[in-house]
Each structure stands twice: as C-alpha cells, then as structure tokens.
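With compact mmCIF, C-alpha atoms inside, this is final.txt:
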# COMPACT_ATOMS: atom_id res chain seq x y z
CA MET A 970 -13.80 -24.40 30.80
CA GLU A 971 -10.77 -25.59 32.68
CA ASP A 972 -11.30 -26.97 36.17
CA LYS A 973 -9.38 -24.70 38.54
CA HIS A 974 -8.85 -27.47 41.06
CA GLN A 975 -7.32 -29.82 38.55
CA TRP A 976 -3.88 -29.09 37.12
CA PRO A 977 -3.69 -28.91 33.33
CA LEU A 978 -2.95 -32.11 31.46
CA TYR A 979 0.33 -32.59 29.57
CA GLU A 980 1.26 -35.28 27.08
CA VAL A 981 4.69 -36.83 27.53
CA PHE A 982 7.02 -37.98 24.76
CA ILE A 983 10.17 -39.94 25.54
CA ARG A 984 13.21 -40.63 23.38
CA SER A 985 14.51 -43.95 24.57
CA ARG A 986 17.93 -43.70 22.92
CA GLY A 987 19.88 -41.19 20.87
CA GLY A 988 18.86 -41.39 17.22
CA LEU A 989 15.36 -42.72 17.90
CA ASP A 990 12.15 -40.70 17.74
CA HIS A 991 10.33 -39.37 20.75
CA LYS A 992 7.38 -41.65 21.41
CA HIS A 993 4.21 -40.89 23.30
CA ALA A 994 4.60 -42.35 26.80
CA GLY A 995 1.50 -41.09 28.60
CA SER A 996 0.14 -38.00 30.25
CA LEU A 997 0.26 -36.23 33.60
CA HIS A 998 -0.95 -33.15 35.44
CA ALA A 999 1.27 -30.14 36.13
CA VAL A 1000 0.84 -26.40 36.62
CA ASP A 1001 3.45 -25.42 34.06
CA ALA A 1002 5.85 -26.86 31.51
CA ARG A 1003 8.76 -26.96 33.93
CA MET A 1004 6.79 -28.99 36.43
CA ALA A 1005 5.48 -31.21 33.65
CA LEU A 1006 9.05 -32.03 32.61
CA GLU A 1007 10.01 -32.85 36.18
CA HIS A 1008 6.97 -35.02 36.70
CA ALA A 1009 7.65 -36.76 33.40
CA ARG A 1010 11.19 -37.46 34.53
CA ASP A 1011 9.93 -38.89 37.81
CA LEU A 1012 7.02 -40.85 36.33
CA TYR A 1013 8.32 -42.10 33.02
CA THR A 1014 12.11 -42.40 33.24
CA ARG A 1015 12.47 -44.14 36.60
CA ARG A 1016 13.72 -47.30 34.96
CA GLN A 1017 16.08 -45.72 32.45
CA GLU A 1018 13.39 -45.46 29.79
CA GLY A 1019 14.74 -42.33 28.22
CA VAL A 1020 17.45 -39.83 27.37
CA SER A 1021 15.19 -36.96 26.35
CA ILE A 1022 11.70 -35.75 27.22
CA TRP A 1023 9.16 -33.55 25.45
CA VAL A 1024 6.00 -32.33 27.11
CA VAL A 1025 3.14 -30.53 25.44
CA ARG A 1026 -0.16 -29.22 26.79
CA SER A 1027 -2.84 -31.71 25.80
CA THR A 1028 -5.06 -28.82 24.72
CA ASP A 1029 -2.38 -27.77 22.21
CA ILE A 1030 -2.79 -31.01 20.31
CA THR A 1031 -5.28 -31.00 17.47
CA ALA A 1032 -6.59 -34.50 16.95
CA SER A 1033 -8.63 -36.16 14.26
CA ASP A 1034 -12.13 -37.17 15.25
CA PRO A 1035 -12.56 -40.93 15.77
CA ALA A 1036 -16.10 -40.53 14.41
CA ASP A 1037 -14.57 -39.55 11.07
CA ALA A 1038 -12.44 -42.67 10.89
CA ASP A 1039 -14.47 -44.29 8.12
CA SER A 1040 -14.10 -41.34 5.77
CA TRP A 1041 -10.54 -40.53 6.81
CA PHE A 1042 -8.81 -43.88 6.97
CA GLU A 1043 -10.91 -46.49 5.25
CA PRO A 1044 -10.42 -45.10 1.73
CA ALA A 1045 -6.73 -46.05 1.97
CA ARG A 1046 -7.57 -49.66 2.70
CA ASP A 1047 -8.12 -50.84 -0.86
CA LYS A 1048 -5.19 -48.92 -2.34
CA VAL A 1049 -2.55 -51.53 -1.86
CA TYR A 1050 -0.67 -50.17 -4.89
CA ARG A 1051 0.58 -47.43 -2.60
CA HIS A 1052 2.88 -49.95 -0.98
CA PRO A 1053 6.14 -50.44 -2.86
CA THR A 1054 5.84 -54.18 -2.31
CA PHE A 1055 2.79 -54.17 -4.63
CA TYR A 1056 5.03 -53.85 -7.68
CA ASP A 1057 6.97 -56.55 -9.47
CA ILE A 1058 10.36 -55.22 -10.40
CA PRO A 1059 11.38 -56.17 -13.96
CA ASP A 1060 14.62 -58.12 -14.05
CA GLU A 1061 16.15 -55.52 -16.38
CA VAL A 1062 16.02 -52.93 -13.63
CA LYS A 1063 19.27 -53.32 -11.77
CA THR A 1064 19.56 -50.37 -9.49
CA LEU A 1065 16.22 -49.60 -7.95
CA MET B 1094 38.50 -53.98 69.60
CA ARG B 1095 39.27 -50.42 68.61
CA VAL B 1096 37.70 -48.98 65.50
CA ARG B 1097 40.40 -48.62 62.90
CA ASP B 1098 39.59 -45.06 62.06
CA ASP B 1099 37.01 -43.82 64.51
CA GLU B 1100 37.03 -40.28 63.15
CA LEU B 1101 36.29 -41.34 59.61
CA PHE B 1102 33.71 -43.84 60.85
CA ARG B 1103 31.79 -41.15 62.71
CA TYR B 1104 32.07 -38.68 59.86
CA VAL B 1105 30.73 -41.11 57.25
CA LEU B 1106 28.01 -42.15 59.68
CA ARG B 1107 27.03 -38.52 60.09
CA LEU B 1108 26.69 -38.07 56.33
CA GLY B 1109 24.76 -41.32 56.04
CA ASP B 1110 22.39 -40.45 58.85
CA LEU B 1111 21.46 -37.16 57.22
CA SER B 1112 20.38 -38.97 54.05
CA LEU B 1113 18.79 -41.83 55.97
CA VAL B 1114 16.62 -39.71 58.25
CA LEU B 1115 15.57 -37.25 55.57
CA GLY B 1116 14.78 -40.11 53.20
CA GLN B 1117 12.60 -41.78 55.82
CA ARG B 1118 10.78 -38.53 56.52
CA LEU B 1119 10.05 -38.02 52.82
CA GLY B 1120 8.89 -41.61 52.60
CA GLU B 1121 6.08 -40.73 55.01
CA TRP B 1122 4.51 -38.72 52.19
CA VAL B 1123 3.92 -41.74 50.01
CA GLY B 1124 0.19 -42.11 49.60
CA HIS B 1125 -0.47 -38.71 51.18
CA SER B 1126 0.85 -36.20 48.66
CA PRO B 1127 -1.34 -33.42 47.25
CA ALA B 1128 -1.13 -35.01 43.79
CA LEU B 1129 -0.22 -38.42 42.42
CA GLU B 1130 2.64 -36.83 40.50
CA GLU B 1131 4.09 -35.31 43.68
CA ASP B 1132 3.81 -38.67 45.41
CA LEU B 1133 6.21 -40.07 42.84
CA GLY B 1134 8.37 -36.95 42.90
CA LEU B 1135 8.87 -37.05 46.65
CA ALA B 1136 9.35 -40.82 46.64
CA ASN B 1137 12.04 -40.50 43.98
CA VAL B 1138 13.97 -38.05 46.11
CA ALA B 1139 13.44 -40.29 49.14
CA LEU B 1140 14.79 -43.30 47.26
CA ASP B 1141 17.86 -41.38 46.10
CA LEU B 1142 18.51 -40.43 49.72
CA ILE B 1143 18.05 -43.99 50.97
CA GLY B 1144 20.44 -45.09 48.22
CA GLN B 1145 23.04 -42.61 49.45
CA ALA B 1146 22.49 -43.78 53.02
CA ARG B 1147 23.07 -47.39 51.97
CA LEU B 1148 26.40 -46.57 50.34
CA LEU B 1149 27.53 -44.41 53.25
CA LEU B 1150 26.40 -46.73 56.03
CA SER B 1151 27.91 -49.76 54.31
CA TYR B 1152 31.17 -47.89 54.08
CA ALA B 1153 30.91 -46.79 57.71
CA GLY B 1154 30.38 -50.41 58.71
CA GLU B 1155 33.50 -51.45 56.82
CA ILE B 1156 35.55 -48.71 58.46
CA GLU B 1157 34.25 -49.72 61.85
CA GLY B 1158 35.29 -53.31 61.19
CA ARG B 1159 32.94 -54.91 63.69
CA GLY B 1160 30.78 -56.65 61.17
CA ARG B 1161 27.88 -54.20 61.29
CA ASP B 1162 26.25 -53.79 57.88
CA GLU B 1163 24.05 -51.04 56.46
CA ASP B 1164 20.87 -52.48 57.97
CA GLN B 1165 22.31 -52.84 61.44
CA LEU B 1166 23.61 -49.31 61.33
CA ALA B 1167 20.38 -47.95 59.88
CA PHE B 1168 17.91 -49.69 62.15
CA LEU B 1169 19.59 -51.23 65.16
CA ARG B 1170 21.07 -48.21 66.88
CA GLU B 1171 19.59 -46.53 69.93
CA HIS B 1172 17.97 -43.13 69.91
CA GLY B 1173 20.78 -40.66 70.50
CA GLU B 1174 23.30 -42.66 68.47
CA TYR B 1175 22.13 -41.06 65.26
CA LEU B 1176 24.39 -38.26 64.10
CA ASN B 1177 22.12 -36.43 61.65
CA PRO B 1178 21.57 -32.69 61.97
CA THR B 1179 18.28 -32.01 63.78
CA LEU B 1180 16.84 -30.28 60.72
CA ALA B 1181 16.60 -33.58 58.84
CA GLU B 1182 14.27 -35.14 61.40
CA GLN B 1183 11.86 -32.21 61.71
CA PRO B 1184 8.31 -33.43 61.07
CA ASN B 1185 6.94 -33.08 57.56
CA GLY B 1186 4.16 -30.67 58.53
CA ASP B 1187 2.30 -29.49 55.45
CA PHE B 1188 3.70 -29.78 51.94
CA GLY B 1189 5.18 -26.27 52.21
CA ARG B 1190 7.15 -27.10 55.31
CA THR B 1191 8.46 -30.29 53.75
CA ILE B 1192 9.61 -28.25 50.76
CA VAL B 1193 11.37 -25.64 52.91
CA ARG B 1194 13.20 -28.37 54.87
CA GLN B 1195 14.13 -30.00 51.58
CA VAL B 1196 15.48 -26.81 49.99
CA LEU B 1197 17.64 -26.05 53.03
CA ILE B 1198 19.13 -29.55 53.08
CA ASP B 1199 19.37 -30.04 49.31
CA ALA B 1200 21.46 -26.88 49.01
CA PHE B 1201 23.62 -28.05 51.91
CA GLN B 1202 24.14 -31.53 50.48
CA LEU B 1203 24.82 -30.12 47.03
CA GLU B 1204 27.61 -27.84 48.24
CA LEU B 1205 28.96 -30.58 50.50
CA TYR B 1206 28.94 -33.37 47.90
CA GLU B 1207 30.46 -31.13 45.25
CA ARG B 1208 33.45 -30.64 47.54
CA LEU B 1209 33.51 -34.20 48.85
CA SER B 1210 33.80 -35.50 45.29
CA SER B 1211 37.44 -34.37 45.43
CA SER B 1212 37.97 -35.84 48.90
CA SER B 1213 41.33 -37.47 49.68
CA ASP B 1214 39.27 -40.53 50.65
CA GLU B 1215 38.62 -42.22 47.31
CA ARG B 1216 35.57 -44.18 48.37
CA LEU B 1217 33.90 -41.12 49.82
CA ALA B 1218 34.80 -39.14 46.70
CA ALA B 1219 33.12 -41.77 44.52
CA ILE B 1220 29.96 -41.83 46.63
CA ALA B 1221 29.81 -38.02 46.57
CA ALA B 1222 30.32 -37.90 42.80
CA LYS B 1223 27.28 -40.13 42.35
CA ALA B 1224 25.21 -38.30 44.95
CA VAL B 1225 25.95 -34.84 43.60
CA LYS B 1226 24.06 -35.59 40.37
CA GLU B 1227 21.02 -36.75 42.32
CA THR B 1228 21.20 -33.78 44.65
CA ARG B 1229 21.36 -31.27 41.81
CA TYR B 1230 17.99 -32.60 40.68
CA HIS B 1231 16.60 -32.60 44.23
CA LEU B 1232 17.33 -28.89 44.55
CA ARG B 1233 15.81 -28.20 41.17
CA TYR B 1234 12.63 -29.94 42.33
CA SER B 1235 12.43 -28.42 45.83
CA GLY B 1236 13.64 -24.99 44.66
CA GLY B 1237 11.00 -24.92 41.93
CA TRP B 1238 8.33 -25.56 44.52
CA LEU B 1239 9.71 -22.97 46.93
CA VAL B 1240 9.45 -20.31 44.23
CA ARG B 1241 6.00 -21.48 43.19
CA LEU B 1242 4.68 -21.44 46.77
CA GLY B 1243 6.53 -18.33 47.98
CA ASP B 1244 5.52 -16.31 44.96
CA GLY B 1245 2.12 -18.02 44.81
CA THR B 1246 -1.19 -17.43 46.55
CA PRO B 1247 -1.46 -15.54 49.89
CA GLU B 1248 -2.04 -18.87 51.62
CA SER B 1249 0.89 -20.74 50.06
CA ARG B 1250 3.11 -17.75 50.79
CA ALA B 1251 2.00 -17.58 54.43
CA ARG B 1252 2.62 -21.29 54.87
CA VAL B 1253 6.16 -21.35 53.46
CA SER B 1254 7.04 -18.12 55.28
CA SER B 1255 6.08 -19.59 58.61
CA ALA B 1256 7.88 -22.86 57.78
CA LEU B 1257 11.00 -20.89 56.90
CA GLU B 1258 10.90 -19.03 60.19
CA ARG B 1259 10.32 -22.24 62.08
CA LEU B 1260 13.09 -24.24 60.40
CA TRP B 1261 15.67 -21.54 59.88
CA SER B 1262 17.19 -21.77 63.36
CA TYR B 1263 18.10 -25.41 62.68
CA THR B 1264 20.34 -24.42 59.78
CA ALA B 1265 23.03 -23.02 62.09
CA GLU B 1266 23.70 -26.56 63.27
CA LEU B 1267 24.62 -27.61 59.72
CA PHE B 1268 27.62 -25.31 59.87
CA ALA B 1269 28.56 -25.57 63.54
CA GLU B 1270 32.06 -26.94 63.05
CA ASP B 1271 33.16 -29.37 65.75
CA ASP B 1272 36.40 -31.28 66.39
CA LEU B 1273 35.37 -34.01 63.99
CA ASP B 1274 34.75 -31.56 61.14
CA ARG B 1275 38.08 -29.89 61.80
CA ALA B 1276 39.92 -33.22 61.86
CA MET B 1277 38.29 -34.27 58.58
CA ALA B 1278 39.18 -30.96 56.94
CA ASP B 1279 42.77 -31.17 58.19
CA ARG B 1280 43.10 -34.60 56.63
CA GLY B 1281 41.74 -33.36 53.31
CA ILE B 1282 38.77 -35.70 53.60
CA ALA B 1283 36.08 -33.05 54.05
CA PRO B 1284 35.79 -29.37 53.09
CA ARG B 1285 35.86 -26.52 55.60
CA LEU B 1286 32.29 -25.96 56.74
CA ALA B 1287 32.80 -22.20 56.51
CA ASP B 1288 33.29 -22.58 52.73
CA VAL B 1289 30.22 -24.76 52.45
CA GLN B 1290 28.22 -22.24 54.43
CA LYS B 1291 29.24 -19.35 52.21
CA ALA B 1292 28.22 -21.18 49.06
CA TRP B 1293 25.01 -22.46 50.67
CA SER B 1294 24.10 -18.99 51.81
CA ALA B 1295 24.49 -17.56 48.32
CA ARG B 1296 22.34 -20.31 46.83
CA ILE B 1297 19.62 -19.89 49.45
CA ASP B 1298 19.61 -16.09 49.09
CA ALA B 1299 19.13 -16.39 45.33
CA LEU B 1300 16.26 -18.85 45.77
CA LEU B 1301 14.59 -16.79 48.48
CA ALA B 1302 14.80 -13.71 46.28
CA GLU B 1303 13.17 -15.57 43.41
CA ALA B 1304 10.49 -16.84 45.80
CA THR B 1305 10.07 -13.25 47.12
CA LEU B 1306 10.67 -14.53 50.67
CA GLU B 1307 12.59 -12.80 53.47
CA ARG B 1308 15.67 -14.46 54.90
CA PRO B 1309 15.08 -14.86 58.66
CA PRO B 1310 17.70 -13.45 61.06
CA GLN B 1311 20.47 -15.90 61.97
CA ASP B 1312 20.53 -17.50 65.40
CA GLN B 1313 23.72 -18.86 66.85
CA PHE B 1314 24.17 -22.52 67.59
CA TYR B 1315 26.53 -23.50 70.39
CA GLY B 1316 26.64 -27.23 70.82
CA GLU B 1317 23.25 -28.17 72.19
CA LEU B 1318 22.24 -24.63 73.08
CA TRP B 1319 20.39 -22.07 71.02
CA VAL B 1320 21.31 -18.52 71.96
What's the structure tokens form of this structure?
Amino acid sequence: MEDKHQWPLYEVFIRSRGGLDHKHAGSLHAVDARMALEHARDLYTRRQEGVSIWVVRSTDITASDPADADSWFEPARDKVYRHPTFYDIPDEVKTL
Amino acid sequence: MRVRDDELFRYVLRLGDLSLVLGQRLGEWVGHSPALEEDLGLANVALDLIGQARLLLSYAGEIEGRGRDEDQLAFLREHGEYLNPTLAEQPNGDFGRTIVRQVLIDAFQLELYERLSSSSDERLAAIAAKAVKETRYHLRYSGGWLVRLGDGTPESRARVSSALERLWSYTAELFAEDDLDRAMADRGIAPRLADVQKAWSARIDALLAEATLERPPQDQFYGELWV
C-alpha cells in the first residue's frame, strides 16, 4: 500500500544532447507527472545536463528480479559466438 | 557629482530591488521546505532572481557612475533606500503564502519583462530578454502550486485563500504609476503600467479560476496610503 504521507516516486530520464538516448538520471518524489517534470528540471538539469526529460512512475516499471540473475544472465556468459568479433572473416569476403 | 541619468538609475534600481528582495526571501526557505524537491525548486527560482538582481544592480551602478558595484548597491544601502514594491518583502509565512506572493510577482515580472525586452534601452532590453525565459518558468512553477493548493484539501485551500486576501492589497502598489514610471514610458524605456496591469490581471484571473479561488476586491493605493 502506498504511504499517503510520502509523494509517489518517479524515475527520471535525461537526454543530454539531441540525437542521444534518454538515460536514467535518478528518481524523485512528486504528486503528479507535471510536478515530477518540474522537479526533474530543477534537480537534474541545473548544470545544463539535458535538453529533454522523461519521467515515469516507478511503480509503472516492471523489473527483472535480481535473485533470478543466475538463470537470466549467466547463460549468455559462455556464448561468445554471439559477438561479431568472435568470427574470422575470410579474405575472400570483401563487403561485409 | 551629478548622476548622469538619475531617472534611469532609479528605474533600474527599482527593478533590481524587486528581484533582489524576493530572491532573498525565497532563499530563507532553503533547508526548511516541505520536501527536498521543493527546497531545490524554490532555491532555483531564488537564484534566477539573484542573477537578475546582479545584472540590474551592476547596470544601475554603471549608470550612476560613482563606482558603486552590485554588492555595494545590494548590501550597503540604508533601510528606506530600497525601491522594491512592498509585496516582495512580505514574510514567507507558510508555503501557501510564499506561493501566493510568488504568483502575484511572477505574473507581474513576466508581463513587465516581456515588454522591457523591446525597450529603447538596449542593455535593459537584453537583461529583460534573458529574464523573461526564467520568469516564464517561475510562473509555471508557482501557478502549478497555486492551482494544486487552491483546488486541493480544505486546509490547503483555506491557507492560500487567507494568504491571497492578506497579500492582495499590496498588488495595487505594483501598478501605482509615479513620475518615474511616466518618464520611463515617455522615453520608450519602460511600458505603460496600465498595459502591464491589464495583462497581469487577465493572467491572474485565469489562474485563480483554475485554482477555484475568489479574486479579492481591489483596494486603492495612493502613494504611502491605503484607502
């Protein structure tokens, strides 16, 4: 249950320059999305860190469970052939 | 030595003092806001205002031509030599009262700076053009809170209503045109205050309506006397 005396938590994503992706910058409390945007502007772009802001309610994010990390992420560890650098390119191939 | 342009000096000082005093008042909130996020929000507005005051007071010092810089003008004048409207120095009170004071002045500065950005005085026009962007955000921030509190809980509503009643009478002073205002308008340096008032009034009415608050009746301001 949500604590009525604590404002909901929002996650903040900042685009530092045009053409770049929005990156997670941190989180803050706000009563609604408008206030979250304003707080994000005041908290995370004070030193010209960004040109665009996204905010999203933290509860709207579905996250993987860290406890599952061994079954989720470890199986990829020994599959180095999934990296393109694993392969030797034959000299005959000119335009890859 | 006579001040080169005493009228312009006093006018720029008046603008600077408004930002200076309001910025200092807002600064008092730092460390005392209802939420960490609001601490930063209020401080950001305060810093914008202090920044405006620096530009304006530096310019005033140059016009005066007696070697006084921004710091001397900001901190080394006597009580009574400050030319800010009385509204700016009203105590913070609770968060609601601070927000009401802020809305009333933000809307005033916004309308004023918008017009000053086409001032015949190039330096003033440049300062206003920078300040108008900051002020647009200030009003967004304070206006958002006014609506939230006015149209909020019975307690938040009661608090901003009483703040509005308390502070409203000070707004007449913002538009009480004196000889200096008239001289500035005649020289194309400043807008007519009647025009600023009309635009301000429309903005405030729209915000009050959204916040479901009543506009208090207008008092008249005659110099130092409230009638």
With a cut-off of 8 Å, could you pull out the residues of chain A touching chain B and give me the nearest pair of atoms for each, distance in Å to one decimal, using all atoms listed in the file, ordered by chain and ascending number, as a Markdown table?
| residue | atom | partner | partner_atom | distance |
| --- | --- | --- | --- | --- |
| A:Leu997 | CA | B:Glu1130 | CA | 7.3 |
| A:His998 | CA | B:Glu1130 | CA | 7.2 |
| A:Glu1007 | CA | B:Tyr1234 | CA | 7.3 |
| A:His1008 | CA | B:Glu1130 | CA | 6.0 |
| A:Asp1011 | CA | B:Gly1134 | CA | 5.7 |
| A:Leu1012 | CA | B:Leu1133 | CA | 6.6 |
Using only C-alpha atoms, determine which residues lie at most 10 Å from B:Leu1197, disregarding the query and same-chain residues fewer than 3 positions distant; provide the list as a list in words.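 Counting only the stated atoms, we get Leu1180, Ala1181, Ile1192, Val1193, Arg1194, Ala1200, Phe1201, Gln1202, Leu1232, Ser1235, Gly1236, Leu1257, Leu1260, Trp1261, Tyr1263, Thr1264, Leu1267, Trp1293, Ser1294, Arg1296 and Ile1297 of chain B.
Closest approach to B:Ser1249 from the set B:Arg1190, B:His1231, B:Arg1159, B:Arg1280 is made by B:Arg1190, with distances taken over all atoms listed in the file.
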Atomic distance atom CA of A:Arg986 - atom CA of A:Glu1018, expressed in Å with one decimal: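 Distance between the two atoms: 8.4 Å.
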Atom pair atom CA of B:Gly1109 / atom CA of B:Ile1143: separation (Å): 8.8 Å
Residue list as JSON, numbers by chain for point (6.4, -21.3, 44.8), cut-off 12 Å, only C-alpha atoms: {"A": [1000, 1001, 1004], "B": [1188, 1189, 1192, 1193, 1196, 1234, 1235, 1236, 1237, 1238, 1239, 1240, 1241, 1242, 1243, 1244, 1245, 1246, 1247, 1248, 1249, 1250, 1251, 1252, 1253, 1254, 1300, 1301, 1302, 1303, 1304, 1305, 1306]}
Using all atoms listed in the file, which of B:Leu1115, B:Val1105, B:Leu1140, B:Ala1222 sits nearest B:Arg1208? B:Ala1222
List as a compact mmCIF listing (two decimals) with C-alpha atoms, keeping the file's coordinate frame the protein and nucleic acid residues near stretch 977-980 of chain A, meaning an atom at most 9 Å away when only C-alpha atoms are counted, but skip any in the same chain fewer than 5 places from it.
# COMPACT_ATOMS: atom_id res chain seq x y z
CA GLU A 971 -10.77 -25.59 32.68
CA ASP A 972 -11.30 -26.97 36.17
CA HIS A 993 4.21 -40.89 23.30
CA ALA A 994 4.60 -42.35 26.80
CA GLY A 995 1.50 -41.09 28.60
CA SER A 996 0.14 -38.00 30.25
CA LEU A 997 0.26 -36.23 33.60
CA HIS A 998 -0.95 -33.15 35.44
CA ALA A 999 1.27 -30.14 36.13
CA VAL A 1000 0.84 -26.40 36.62
CA ASP A 1001 3.45 -25.42 34.06
CA ALA A 1002 5.85 -26.86 31.51
CA ALA A 1005 5.48 -31.21 33.65
CA TRP A 1023 9.16 -33.55 25.45
CA VAL A 1024 6.00 -32.33 27.11
CA VAL A 1025 3.14 -30.53 25.44
CA ARG A 1026 -0.16 -29.22 26.79
CA SER A 1027 -2.84 -31.71 25.80
CA THR A 1028 -5.06 -28.82 24.72
CA ILE A 1030 -2.79 -31.01 20.31
So that I can see what lies close to A:Gly988, please list as a PyMOL selection string the residues with an atom at most 12 Å from it, counting all atoms listed in the file and leaving out residues fewer than 4 positions away in the same chain. chain A and resi 984+1019-1021
Could you state the separation of atom CA of B:Leu1111 and atom CA of B:Leu1150 in Å, given to one decimal place?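 One can read the atom CA of B:Leu1111 to atom CA of B:Leu1150 distance as 10.8 Å.
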Choose the residue, out of A:Ser1040, A:Thr1054, A:Ser1033, A:Gln1017, that has the smallest atom-to-atom separation from A:Ser985; count all atoms listed in the file.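 That would be A:Gln1017, the residue with the smallest distance to A:Ser985.
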Please provide as JSON, numbers by chain all residues within 10 Å of stretch 1270-1275 of chain B, with the sequence filter that same-chain residues fewer than 3 positions apart are discarded (counting only C-alpha atoms). {"B": [1099, 1100, 1101, 1103, 1104, 1265, 1266, 1267, 1278, 1279, 1280, 1281, 1282, 1283, 1284, 1285, 1286, 1287, 1315, 1316]}
Give the answer as one residue: which of B:Arg1308, B:Arg1170, B:Arg1216, B:Lys1223 has the shortest atom-to-atom distance to B:Ser1151, using all atoms listed in the file?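 Answer, going by the shortest atom-to-atom distance: B:Arg1216.
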Would you fill out stretch 1216-1228 of chain B with N, CA, C and O atoms and return it as an mmCIF file, keeping the file's coordinate frame?
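Contents of the output file part_7.cif:
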data_model
loop_
_atom_site.group_PDB
_atom_site.id
_atom_site.type_symbol
_atom_site.label_atom_id
_atom_site.label_comp_id
_atom_site.auth_asym_id
_atom_site.auth_seq_id
_atom_site.Cartn_x
_atom_site.Cartn_y
_atom_site.Cartn_z
ATOM 1 N N ARG B 1216 36.910 -43.576 48.290
ATOM 2 C CA ARG B 1216 35.570 -44.180 48.370
ATOM 3 C C ARG B 1216 34.514 -43.106 48.608
ATOM 4 O O ARG B 1216 33.477 -43.078 47.960
ATOM 5 N N LEU B 1217 34.821 -42.207 49.519
ATOM 6 C CA LEU B 1217 33.900 -41.120 49.820
ATOM 7 C C LEU B 1217 33.740 -40.210 48.594
ATOM 8 O O LEU B 1217 32.639 -39.748 48.282
ATOM 9 N N ALA B 1218 34.840 -39.976 47.902
ATOM 10 C CA ALA B 1218 34.800 -39.140 46.700
ATOM 11 C C ALA B 1218 33.886 -39.765 45.649
ATOM 12 O O ALA B 1218 33.108 -39.065 44.985
ATOM 13 N N ALA B 1219 33.955 -41.083 45.516
ATOM 14 C CA ALA B 1219 33.120 -41.770 44.520
ATOM 15 C C ALA B 1219 31.640 -41.709 44.892
ATOM 16 O O ALA B 1219 30.783 -41.468 44.035
ATOM 17 N N ILE B 1220 31.358 -41.909 46.165
ATOM 18 C CA ILE B 1220 29.960 -41.830 46.630
ATOM 19 C C ILE B 1220 29.420 -40.412 46.398
ATOM 20 O O ILE B 1220 28.304 -40.216 45.912
ATOM 21 N N ALA B 1221 30.232 -39.416 46.727
ATOM 22 C CA ALA B 1221 29.810 -38.020 46.570
ATOM 23 C C ALA B 1221 29.592 -37.671 45.105
ATOM 24 O O ALA B 1221 28.651 -36.956 44.753
ATOM 25 N N ALA B 1222 30.442 -38.203 44.234
ATOM 26 C CA ALA B 1222 30.320 -37.900 42.800
ATOM 27 C C ALA B 1222 29.000 -38.433 42.254
ATOM 28 O O ALA B 1222 28.379 -37.823 41.382
ATOM 29 N N LYS B 1223 28.564 -39.574 42.767
ATOM 30 C CA LYS B 1223 27.280 -40.130 42.350
ATOM 31 C C LYS B 1223 26.144 -39.302 42.959
ATOM 32 O O LYS B 1223 25.179 -38.950 42.289
ATOM 33 N N ALA B 1224 26.280 -38.988 44.226
ATOM 34 C CA ALA B 1224 25.210 -38.300 44.950
ATOM 35 C C ALA B 1224 25.006 -36.869 44.456
ATOM 36 O O ALA B 1224 23.891 -36.340 44.502
ATOM 37 N N VAL B 1225 26.073 -36.250 43.982
ATOM 38 C CA VAL B 1225 25.950 -34.840 43.600
ATOM 39 C C VAL B 1225 24.996 -34.680 42.422
ATOM 40 O O VAL B 1225 24.237 -33.711 42.334
ATOM 41 N N LYS B 1226 24.970 -35.658 41.530
ATOM 42 C CA LYS B 1226 24.060 -35.590 40.370
ATOM 43 C C LYS B 1226 22.610 -35.692 40.851
ATOM 44 O O LYS B 1226 21.741 -34.963 40.375
ATOM 45 N N GLU B 1227 22.375 -36.603 41.772
ATOM 46 C CA GLU B 1227 21.020 -36.750 42.320
ATOM 47 C C GLU B 1227 20.597 -35.473 43.032
ATOM 48 O O GLU B 1227 19.477 -34.989 42.869
ATOM 49 N N THR B 1228 21.525 -34.936 43.808
ATOM 50 C CA THR B 1228 21.200 -33.780 44.650
ATOM 51 C C THR B 1228 20.916 -32.533 43.815
ATOM 52 O O THR B 1228 20.079 -31.717 44.182
#
